[in-house]
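protein.tsv follows; it contains TSV, C-alpha atoms and all ligand atoms.
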chain	number	residue	atom	x	y	z
A	50	MET	CA	66.80	108.99	63.82
A	51	ILE	CA	70.19	110.57	63.41
A	52	LEU	CA	70.99	113.46	65.74
A	53	ASP	CA	72.50	115.93	63.29
A	54	GLY	CA	75.08	117.81	65.34
A	55	LYS	CA	76.49	119.44	62.24
A	56	LYS	CA	73.12	120.99	61.40
A	57	ILE	CA	72.24	122.03	64.97
A	58	ALA	CA	75.70	123.57	65.41
A	59	ALA	CA	75.18	125.61	62.23
A	60	THR	CA	71.83	126.83	63.59
A	61	ILE	CA	73.44	127.87	66.86
A	62	ARG	CA	76.28	129.63	65.03
A	63	ALA	CA	73.66	131.65	63.14
A	64	GLU	CA	72.06	132.60	66.49
A	65	LEU	CA	75.44	133.57	67.94
A	66	ARG	CA	76.23	135.65	64.87
A	67	GLU	CA	73.03	137.64	65.49
A	68	GLN	CA	73.88	138.12	69.16
A	69	VAL	CA	77.38	139.32	68.33
A	70	GLY	CA	75.94	141.57	65.62
A	71	ASP	CA	73.62	143.13	68.23
A	72	LEU	CA	76.60	143.88	70.48
A	73	LEU	CA	78.45	145.58	67.65
A	74	SER	CA	75.43	147.64	66.63
A	75	GLN	CA	75.21	148.84	70.25
A	76	GLY	CA	78.75	150.15	69.78
A	77	LYS	CA	80.33	147.44	71.92
A	78	ARG	CA	83.49	145.56	71.03
A	79	ALA	CA	83.47	141.99	69.73
A	80	PRO	CA	84.05	139.10	72.16
A	81	LYS	CA	87.60	137.76	71.97
A	82	LEU	CA	88.96	134.25	72.49
A	83	ALA	CA	92.62	133.24	72.77
A	84	ILE	CA	93.76	129.69	72.03
A	85	VAL	CA	97.07	128.50	73.41
A	86	LEU	CA	98.57	125.67	71.37
A	87	VAL	CA	101.69	123.87	72.55
A	88	GLY	CA	103.70	121.68	70.17
A	89	ASN	CA	102.62	120.38	66.78
A	90	ASN	CA	100.24	117.48	67.27
A	91	PRO	CA	98.37	117.33	63.92
A	92	ALA	CA	95.01	116.46	65.55
A	93	SER	CA	95.33	119.44	67.91
A	94	GLU	CA	96.14	121.71	64.97
A	95	THR	CA	92.98	120.53	63.22
A	96	TYR	CA	90.88	121.14	66.34
A	97	VAL	CA	92.34	124.63	66.80
A	98	ASN	CA	91.66	125.43	63.15
A	99	ASN	CA	88.04	124.27	63.59
A	100	LYS	CA	87.71	126.65	66.54
A	101	LEU	CA	89.29	129.61	64.71
A	102	LYS	CA	87.03	129.07	61.71
A	103	ALA	CA	83.89	128.86	63.86
A	104	CYS	CA	84.84	132.08	65.69
A	105	ALA	CA	85.35	133.89	62.39
A	106	GLU	CA	81.92	132.75	61.21
A	107	VAL	CA	80.08	134.25	64.20
A	108	GLY	CA	82.19	137.38	64.59
A	109	ILE	CA	84.10	136.36	67.69
A	110	GLU	CA	87.68	137.59	67.47
A	111	ALA	CA	90.18	134.78	67.95
A	112	VAL	CA	93.92	134.58	68.29
A	113	LYS	CA	96.13	131.52	68.25
A	114	LEU	CA	99.19	131.64	70.51
A	115	ALA	CA	101.55	128.85	69.44
A	116	TYR	CA	104.47	127.59	71.50
A	117	PRO	CA	107.07	124.88	70.90
A	118	ALA	CA	106.64	121.51	72.64
A	119	SER	CA	109.82	122.34	74.56
A	120	ILE	CA	108.15	125.22	76.47
A	121	THR	CA	108.67	124.87	80.24
A	122	GLU	CA	105.74	124.54	82.60
A	123	GLN	CA	106.76	127.83	84.23
A	124	THR	CA	106.79	129.73	80.94
A	125	LEU	CA	103.36	128.34	80.11
A	126	LEU	CA	102.11	129.32	83.56
A	127	ASN	CA	103.42	132.83	82.98
A	128	GLU	CA	101.47	132.93	79.73
A	129	VAL	CA	98.29	131.85	81.56
A	130	HIS	CA	98.82	134.61	84.14
A	131	ARG	CA	99.34	137.15	81.37
A	132	LEU	CA	96.07	136.08	79.68
A	133	ASN	CA	94.24	136.19	83.03
A	134	SER	CA	95.07	139.89	83.32
A	135	ASP	CA	94.74	140.86	79.64
A	136	GLU	CA	91.48	142.85	79.62
A	137	THR	CA	91.10	142.58	75.86
A	138	ILE	CA	90.61	138.79	76.15
A	139	ASP	CA	87.22	137.49	77.37
A	140	GLY	CA	88.20	133.86	77.50
A	141	PHE	CA	91.01	131.51	76.61
A	142	ILE	CA	91.74	127.83	76.35
A	143	VAL	CA	94.91	125.79	76.52
A	144	GLN	CA	94.49	123.12	73.86
A	145	LEU	CA	94.84	119.58	75.27
A	146	PRO	CA	96.69	117.27	75.41
A	147	LEU	CA	99.86	119.00	76.66
A	148	PRO	CA	103.36	117.51	76.32
A	149	GLU	CA	104.35	114.89	78.95
A	150	HIS	CA	106.57	117.23	80.98
A	151	ILE	CA	103.71	119.64	81.70
A	152	THR	CA	101.08	118.75	84.31
A	153	GLU	CA	97.65	119.57	82.90
A	154	THR	CA	96.01	120.14	86.29
A	155	THR	CA	98.71	122.66	87.22
A	156	ILE	CA	97.97	124.68	84.10
A	157	MET	CA	94.17	124.36	84.38
A	158	SER	CA	94.25	125.44	88.03
A	159	ALA	CA	96.03	128.67	87.08
A	160	ILE	CA	93.27	129.86	84.72
A	161	ASP	CA	90.93	132.58	86.03
A	162	ARG	CA	87.53	130.85	86.27
A	163	ARG	CA	85.79	133.81	84.60
A	164	LYS	CA	87.94	133.29	81.49
A	165	ASP	CA	87.87	129.49	81.64
A	166	VAL	CA	85.76	128.90	78.52
A	167	ASP	CA	86.72	125.22	78.48
A	168	GLY	CA	85.17	124.93	81.96
A	169	LEU	CA	88.06	122.86	83.30
A	170	THR	CA	89.28	124.80	86.35
A	171	PRO	CA	88.58	123.20	89.73
A	172	GLU	CA	86.38	126.23	90.51
A	173	ASN	CA	84.14	125.76	87.48
A	174	VAL	CA	83.95	121.99	87.92
A	175	GLY	CA	83.00	122.47	91.59
A	176	ARG	CA	80.44	125.15	90.78
A	177	THR	CA	78.93	122.95	88.06
A	178	VAL	CA	78.63	120.04	90.52
A	179	GLN	CA	76.94	122.33	93.05
A	180	GLY	CA	74.56	123.70	90.40
A	181	LEU	CA	76.00	127.21	90.69
A	182	PRO	CA	76.43	129.50	87.67
A	183	SER	CA	79.57	128.34	85.91
A	184	LEU	CA	81.30	127.84	82.60
A	185	VAL	CA	80.54	124.23	81.66
A	186	SER	CA	83.00	121.97	79.87
A	187	ALA	CA	82.36	122.30	76.12
A	188	THR	CA	81.54	118.70	75.19
A	189	PRO	CA	79.03	118.15	78.03
A	190	ARG	CA	77.44	121.51	77.24
A	191	GLY	CA	77.17	120.46	73.59
A	192	ILE	CA	75.63	117.09	74.44
A	193	ARG	CA	73.05	118.76	76.66
A	194	GLU	CA	72.23	121.29	73.95
A	195	LEU	CA	71.85	118.53	71.34
A	196	LEU	CA	69.45	116.51	73.55
A	197	SER	CA	67.54	119.66	74.37
A	198	ARG	CA	67.14	120.79	70.76
A	199	TYR	CA	65.77	117.37	69.76
A	200	GLY	CA	63.37	117.46	72.75
A	201	ILE	CA	64.91	114.36	74.31
A	202	GLN	CA	63.97	114.32	78.00
A	203	THR	CA	66.12	112.84	80.73
A	204	GLU	CA	63.81	112.97	83.78
A	205	GLY	CA	63.71	109.57	85.47
A	206	LYS	CA	65.69	107.97	82.65
A	207	HIS	CA	68.61	105.64	83.20
A	208	VAL	CA	71.67	107.24	81.62
A	209	VAL	CA	74.79	105.12	81.34
A	210	VAL	CA	78.02	107.08	80.81
A	211	ILE	CA	81.01	105.05	79.63
A	212	GLY	CA	84.20	106.95	80.45
A	213	ARG	CA	85.25	108.86	83.57
A	214	SER	CA	87.35	111.74	82.22
A	215	ASN	CA	87.29	115.17	83.82
A	216	ILE	CA	86.44	116.67	80.45
A	217	VAL	CA	83.44	114.53	79.45
A	218	GLY	CA	82.41	111.56	81.63
A	219	LYS	CA	82.34	113.16	85.06
A	220	PRO	CA	80.72	116.48	84.09
A	221	ILE	CA	78.01	115.06	81.78
A	222	ALA	CA	77.05	112.56	84.50
A	223	MET	CA	76.72	115.37	87.06
A	224	LEU	CA	74.74	117.62	84.72
A	225	LEU	CA	72.18	114.99	83.75
A	226	MET	CA	71.75	113.87	87.36
A	227	GLN	CA	71.26	117.46	88.60
A	228	ARG	CA	67.97	119.02	89.61
A	229	PRO	CA	67.14	121.06	86.50
A	230	TYR	CA	66.00	124.18	88.37
A	231	LEU	CA	69.59	124.57	89.53
A	232	SER	CA	70.56	124.57	85.89
A	233	LEU	CA	72.97	126.97	84.36
A	234	PRO	CA	72.66	130.13	82.29
A	235	GLY	CA	72.68	130.14	78.53
A	236	MET	CA	70.74	126.92	78.13
A	237	SER	CA	67.91	126.63	75.65
A	238	ALA	CA	64.30	125.57	76.20
A	239	ALA	CA	63.89	122.12	77.72
A	240	SER	CA	65.71	121.71	80.99
A	241	LEU	CA	67.65	118.51	81.31
A	242	GLY	CA	68.46	116.64	84.46
A	243	ASP	CA	66.74	114.38	86.99
A	244	ALA	CA	68.27	111.29	85.36
A	245	THR	CA	69.54	108.25	87.20
A	246	VAL	CA	73.15	108.04	86.10
A	247	THR	CA	75.59	105.14	86.11
A	248	ILE	CA	79.23	105.87	85.29
A	249	CYS	CA	81.15	102.94	83.82
A	250	HIS	CA	84.84	102.64	82.95
A	251	SER	CA	87.55	100.19	81.95
A	252	LYS	CA	87.28	98.23	85.22
A	253	THR	CA	83.49	97.93	85.17
A	254	ARG	CA	82.24	94.34	85.37
A	255	ASP	CA	79.54	93.19	82.99
A	256	LEU	CA	79.25	96.41	81.04
A	257	LYS	CA	76.81	94.70	78.68
A	258	SER	CA	74.16	94.01	81.39
A	259	ILE	CA	74.40	97.59	82.65
A	260	CYS	CA	74.10	99.04	79.14
A	261	LEU	CA	71.06	96.87	78.40
A	262	THR	CA	69.17	98.71	81.17
A	263	ALA	CA	70.05	102.15	79.76
A	264	ASP	CA	67.58	104.53	78.13
A	265	ILE	CA	70.47	106.76	77.09
A	266	ILE	CA	74.10	105.67	76.59
A	267	ILE	CA	76.87	108.25	76.36
A	268	VAL	CA	80.11	106.68	75.17
A	269	ALA	CA	83.31	108.63	75.81
A	270	ALA	CA	85.91	105.91	76.13
A	271	GLY	CA	88.19	106.49	73.15
A	272	SER	CA	87.87	102.90	71.98
A	273	PRO	CA	86.57	102.28	68.45
A	274	GLY	CA	83.66	99.83	68.21
A	275	LEU	CA	83.33	99.52	72.02
A	276	LEU	CA	79.52	99.76	72.04
A	277	THR	CA	78.00	96.93	70.02
A	278	ALA	CA	74.38	96.13	69.11
A	279	GLU	CA	74.05	93.34	71.71
A	280	MET	CA	74.70	95.94	74.46
A	281	VAL	CA	71.83	98.21	73.42
A	282	LYS	CA	68.15	98.07	74.36
A	283	GLU	CA	65.67	98.60	71.52
A	284	GLY	CA	64.69	102.28	71.39
A	285	ALA	CA	67.67	103.62	73.36
A	286	THR	CA	69.36	106.95	72.62
A	287	ILE	CA	73.07	106.70	71.79
A	288	ILE	CA	75.52	109.59	72.12
A	289	ASP	CA	78.95	108.81	70.66
A	290	VAL	CA	81.70	111.11	71.93
A	291	GLY	CA	84.57	109.03	70.56
A	292	ILE	CA	86.94	110.52	67.99
A	293	ASN	CA	89.28	107.80	66.69
A	294	ARG	CA	91.25	107.56	63.50
A	295	VAL	CA	91.07	104.06	62.00
A	296	ASP	CA	92.70	103.47	58.60
A	297	GLY	CA	92.72	107.23	58.10
A	298	LYS	CA	88.97	107.43	58.75
A	299	LEU	CA	87.25	109.23	61.65
A	300	VAL	CA	85.14	106.79	63.71
A	301	GLY	CA	83.45	106.93	67.09
A	302	ASP	CA	83.26	104.43	69.96
A	303	VAL	CA	80.00	102.93	68.65
A	304	ASP	CA	79.55	100.18	66.07
A	305	PHE	CA	77.25	102.58	64.23
A	306	GLU	CA	76.19	100.25	61.43
A	307	HIS	CA	74.75	97.62	63.78
A	308	VAL	CA	73.64	99.85	66.68
A	309	ALA	CA	71.76	102.44	64.59
A	310	PRO	CA	68.85	100.10	63.61
A	311	LYS	CA	68.08	99.48	67.31
A	312	ALA	CA	68.41	103.10	68.44
A	313	ALA	CA	65.61	105.66	68.61
A	314	TYR	CA	68.25	108.38	68.31
A	315	ILE	CA	71.97	108.14	67.57
A	316	THR	CA	74.79	110.60	66.88
A	317	PRO	CA	77.10	109.94	63.91
A	318	VAL	CA	80.88	110.43	63.86
A	319	PRO	CA	81.81	112.73	62.24
A	320	GLY	CA	78.98	115.28	62.41
A	321	GLY	CA	77.49	114.47	65.83
A	322	VAL	CA	78.97	115.62	69.12
A	323	GLY	CA	82.17	117.13	67.59
A	324	PRO	CA	80.54	120.17	65.98
A	325	MET	CA	78.49	120.71	69.16
A	326	THR	CA	81.71	120.83	71.20
A	327	ILE	CA	83.05	123.61	68.98
A	328	VAL	CA	79.85	125.65	69.15
A	329	SER	CA	79.73	125.27	72.94
A	330	LEU	CA	83.14	126.92	73.16
A	331	LEU	CA	81.70	129.87	71.26
A	332	GLN	CA	78.67	129.99	73.59
A	333	ASN	CA	80.99	129.90	76.59
A	334	THR	CA	83.05	132.75	75.13
A	335	LEU	CA	79.94	134.89	74.65
A	336	GLN	CA	78.83	133.94	78.19
A	337	ALA	CA	82.21	135.02	79.61
A	338	TYR	CA	81.95	138.30	77.69
A	339	ASN	CA	78.40	138.99	78.86
A	340	GLU	CA	79.17	138.22	82.48
A	341	HIS	CA	82.26	140.41	82.68
A	342	THR	CA	82.02	143.19	80.10
A	343	ARG	CA	80.14	146.31	80.97
B	1	LIG	C1	83.02	116.22	63.64
B	1	LIG	C2	89.19	116.42	70.96
B	1	LIG	C3	90.02	114.32	71.80
B	1	LIG	C4	91.05	114.99	72.46
B	1	LIG	C5	91.17	116.35	72.39
B	1	LIG	C6	83.97	118.33	64.56
B	1	LIG	C7	85.80	118.29	66.11
B	1	LIG	C8	85.85	116.92	66.00
B	1	LIG	C9	84.96	116.25	65.20
B	1	LIG	C10	86.73	119.03	66.99
B	1	LIG	C11	88.27	117.23	70.17
B	1	LIG	C12	87.14	116.60	69.45
B	1	LIG	C13	88.49	118.60	70.09
B	1	LIG	C14	84.02	116.95	64.47
B	1	LIG	C15	87.66	119.49	69.23
B	1	LIG	C16	86.14	117.63	68.98
B	1	LIG	O1	82.55	116.77	62.63
B	1	LIG	O2	82.66	115.11	64.02
B	1	LIG	C17	84.86	119.01	65.38
B	1	LIG	O3	87.40	119.93	66.52
B	1	LIG	N1	86.81	118.73	68.34
B	1	LIG	C18	89.57	119.18	70.82
B	1	LIG	O4	89.77	120.39	70.80
B	1	LIG	O5	90.37	118.42	71.56
B	1	LIG	C19	90.25	117.07	71.64
B	1	LIG	C20	89.09	115.04	71.06

For the structure just supplied, provide its representation as structure tokens.
Amino acid sequence: MILDGKKIAATIRAELREQVGDLLSQGKRAPKLAIVLVGNNPASETYVNNKLKACAEVGIEAVKLAYPASITEQTLLNEVHRLNSDETIDGFIVQLPLPEHITETTIMSAIDRRKDVDGLTPENVGRTVQGLPSLVSATPRGIRELLSRYGIQTEGKHVVVIGRSNIVGKPIAMLLMQRPYLSLPGMSAASLGDATVTICHSKTRDLKSICLTADIIIVAAGSPGLLTAEMVKEGATIIDVGINRVDGKLVGDVDFEHVAPKAAYITPVPGGVGPMTIVSLLQNTLQAYNEHTR
């Protein structure tokens, strides 16, 4: 069965639109997101446009703040500080990747955790790991929401995560391992967690044997066709986080054609995790608004 992220994301946007509508009819202002974009990477521009369009659909105000690739780290830091203290902005993101001369962790660390709707500050990552209320990184939040809405349980399951990034691999592993009662606000119905998680990466030996023991495989490696059918147990659930352009086509990290027949559930690319990532950003923005607007 295909996990239809595009459809679930549309459902969640409709829910968010209602929630924002309720705020407005109570005489409150709309939530507002700012997106900082540095340089002119075409993929980043597409992602930012996806975010702006999704905000417009649910009634979240959004502004794009574009800067040349030549911006200094200090000027960008000043911009982050300005956004931290701008009371009209509920949350903001700095679109990644940043140009080589800017250190991403320096910028992320400067963001006020209450406005960190990408969930990438050390404070939010730490709070997420400790099971404290936090803003959760958008892709992991989206994956959890997708599993939850399809009623896919994780308790006692072996989850193999391929990829150890701060944005996807590390946080999704932590979240699915966590005791669910420590789980975070804004989550729907089924609580996810209590999984046994193995994190694999480019230096992992015998990835195939490890994957063959997995009930759920989450692939976030950025390597097209990495997960093949011979690595997958019959009836496994496959979550493909990869976004690669091959011959002008968008493909994931999974050899979808051959893996899909063995999988109980599988996400497509496009239309799987990607749309869930976008909608999670909107959920995080509404969460930031609700937690800090009186
Ligand atoms: C879809 C991203 C790598 C590096 C930085 C929908 C998106 C993608 C695909 C999207 C991504 C990937 C985003 C689909 C945002 C996800 O239909 O499959 C939406 O816009 N994404 C990003 O902001 O930065 C990235 C991937």

Nearby residues, ligand LIG 1 (chain B), 9 Å, only C-alpha atoms and all ligand atoms, as a PyMOL selection string: chain A and resi 54-55+92-100+144-146+188+271+290-293+299-301+317-327

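CA of Glu340 (chain A) is positioned 17.3 Å from CA of Glu110 (chain A).
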
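Near Ile221 (chain A), within 8 Å and counting all atoms listed in the file, sit Pro189, Arg190, Ile192, Val217, Gly218, Lys219, Met223, Leu224 and Leu225 of chain A; same-chain residues fewer than 2 positions away were not included.
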
Suppose we keep C-alpha atoms; can you now write the selection as a short mmCIF file (atom, residue, chain, number, x, y, z; two decimals), in the frame of the given file?
data_model
loop_
_atom_site.label_atom_id
_atom_site.label_comp_id
_atom_site.auth_asym_id
_atom_site.auth_seq_id
_atom_site.Cartn_x
_atom_site.Cartn_y
_atom_site.Cartn_z
CA PRO A 189 79.03 118.15 78.03
CA ARG A 190 77.44 121.51 77.24
CA ILE A 192 75.63 117.09 74.44
CA VAL A 217 83.44 114.53 79.45
CA GLY A 218 82.41 111.56 81.63
CA LYS A 219 82.34 113.16 85.06
CA MET A 223 76.72 115.37 87.06
CA LEU A 224 74.74 117.62 84.72
CA LEU A 225 72.18 114.99 83.75
#

Inset, instruction - Can you work out which one of A:Asp53, A:Asp167, A:Asp243, A:Asp304 has the shortest atom-to-atom distance to Val85 (chain A), counting all atoms listed in the file? - result: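 Residue with the minimum atom-to-atom distance to Val85 (chain A): A:Asp167.
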
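We find CA of Met157 (chain A) and CA of Leu196 (chain A) to be spaced 28.1 Å apart.
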
Mind checking which residues fall within 10 Å of region 200-205 of chain A, counting only C-alpha atoms, ignoring those fewer than 2 positions away in the same chain, and posting them as a PDB file with C-alpha atoms, in the frame of the given file?
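Contents of selection_23.pdb, as written:
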ATOM      1  CA  ARG A 193      73.050 118.760  76.660  1.00  0.00           C
ATOM      2  CA  GLU A 194      72.230 121.290  73.950  1.00  0.00           C
ATOM      3  CA  LEU A 195      71.850 118.530  71.340  1.00  0.00           C
ATOM      4  CA  LEU A 196      69.450 116.510  73.550  1.00  0.00           C
ATOM      5  CA  SER A 197      67.540 119.660  74.370  1.00  0.00           C
ATOM      6  CA  ARG A 198      67.140 120.790  70.760  1.00  0.00           C
ATOM      7  CA  HIS A 207      68.610 105.640  83.200  1.00  0.00           C
ATOM      8  CA  VAL A 208      71.670 107.240  81.620  1.00  0.00           C
ATOM      9  CA  LEU A 225      72.180 114.990  83.750  1.00  0.00           C
ATOM     10  CA  MET A 226      71.750 113.870  87.360  1.00  0.00           C
ATOM     11  CA  GLN A 227      71.260 117.460  88.600  1.00  0.00           C
ATOM     12  CA  ARG A 228      67.970 119.020  89.610  1.00  0.00           C
ATOM     13  CA  PRO A 229      67.140 121.060  86.500  1.00  0.00           C
ATOM     14  CA  ALA A 238      64.300 125.570  76.200  1.00  0.00           C
ATOM     15  CA  ALA A 239      63.890 122.120  77.720  1.00  0.00           C
ATOM     16  CA  SER A 240      65.710 121.710  80.990  1.00  0.00           C
ATOM     17  CA  LEU A 241      67.650 118.510  81.310  1.00  0.00           C
ATOM     18  CA  GLY A 242      68.460 116.640  84.460  1.00  0.00           C
ATOM     19  CA  ASP A 243      66.740 114.380  86.990  1.00  0.00           C
ATOM     20  CA  ALA A 244      68.270 111.290  85.360  1.00  0.00           C
ATOM     21  CA  THR A 245      69.540 108.250  87.200  1.00  0.00           C
ATOM     22  CA  VAL A 246      73.150 108.040  86.100  1.00  0.00           C
ATOM     23  CA  ASP A 264      67.580 104.530  78.130  1.00  0.00           C
ATOM     24  CA  ILE A 265      70.470 106.760  77.090  1.00  0.00           C
ATOM     25  CA  THR A 286      69.360 106.950  72.620  1.00  0.00           C
ATOM     26  CA  TYR A 314      68.250 108.380  68.310  1.00  0.00           C
TER      27      TYR A 314
END

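Our summary of the geometry notes that CA of Ala187 (chain A) is positioned 9.0 Å from CA of Leu331 (chain A).
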
Which is closest to His341 (chain A) among A:Gly88, A:Gly140, A:Pro117, A:Gly191, if we use all atoms listed in the file?
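The shortest atom-to-atom distance to His341 (chain A) comes from A:Gly140.
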
Mind working out the centre and edge lengths of an axis-aligned box for region 205-222 of chain A, all listed atoms inside, 6 Å added to each side, rounded to one decimal in Å and written as AutoDock Vina command-line options?
--center_x 75.5 --center_y 110.9 --center_z 82.5 --size_x 35.6 --size_y 23.6 --size_z 18.0

For this session: For region 248-255 of chain A, list every protein, DNA or RNA residue within 8 Å, evaluated using only C-alpha atoms, and leave out those in the same chain fewer than 5 positions away; present the list as a VMD selection string.
Result: chain A and resid 209 to 213 218 to 219 222 270

A:Leu86, A:Ile120, A:Ala269, A:Ile288 ranked by distance to Val308 (chain A), top pick (using only C-alpha atoms):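 Checking each of A:Leu86, A:Ile120, A:Ala269, A:Ile288 against Val308 (chain A), counting only C-alpha atoms, the winner is A:Ile288.
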
Around the point (95.4, 138.3, 84.1) in the file's coordinates, collect all residues with an atom within 12 Å, using all atoms listed in the file, and return them as a list in words. Leu126, Asn127, Glu128, Val129, His130, Arg131, Leu132, Asn133, Ser134, Asp135, Glu136, Thr137, Ile138, Asp139, Gly140, Phe141, Ala159, Ile160, Asp161, Arg162, Arg163, Lys164 and Asp165 of chain A

Print the selection's residues with C-alpha atoms to a file, as a compact mmCIF listing (two decimals), in the coordinates of the input.
# COMPACT_ATOMS: atom_id res chain seq x y z
CA LEU A 126 102.11 129.32 83.56
CA ASN A 127 103.42 132.83 82.98
CA GLU A 128 101.47 132.93 79.73
CA VAL A 129 98.29 131.85 81.56
CA HIS A 130 98.82 134.61 84.14
CA ARG A 131 99.34 137.15 81.37
CA LEU A 132 96.07 136.08 79.68
CA ASN A 133 94.24 136.19 83.03
CA SER A 134 95.07 139.89 83.32
CA ASP A 135 94.74 140.86 79.64
CA GLU A 136 91.48 142.85 79.62
CA THR A 137 91.10 142.58 75.86
CA ILE A 138 90.61 138.79 76.15
CA ASP A 139 87.22 137.49 77.37
CA GLY A 140 88.20 133.86 77.50
CA PHE A 141 91.01 131.51 76.61
CA ALA A 159 96.03 128.67 87.08
CA ILE A 160 93.27 129.86 84.72
CA ASP A 161 90.93 132.58 86.03
CA ARG A 162 87.53 130.85 86.27
CA ARG A 163 85.79 133.81 84.60
CA LYS A 164 87.94 133.29 81.49
CA ASP A 165 87.87 129.49 81.64

- Smallest atom-to-atom distance to Pro273 (chain A): which of A:Cys104, A:Leu335, A:Leu261, A:Val295, using only C-alpha atoms?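 The answer is A:Val295, which sits nearest to Pro273 (chain A).
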
- Residue nearest Ala309 (chain A) - candidates A:Val143, A:Ile287, A:Ile151, A:Ala115, atoms counted: all atoms listed in the file: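 Among the listed residues, the smallest separation from Ala309 (chain A) belongs to A:Ile287.
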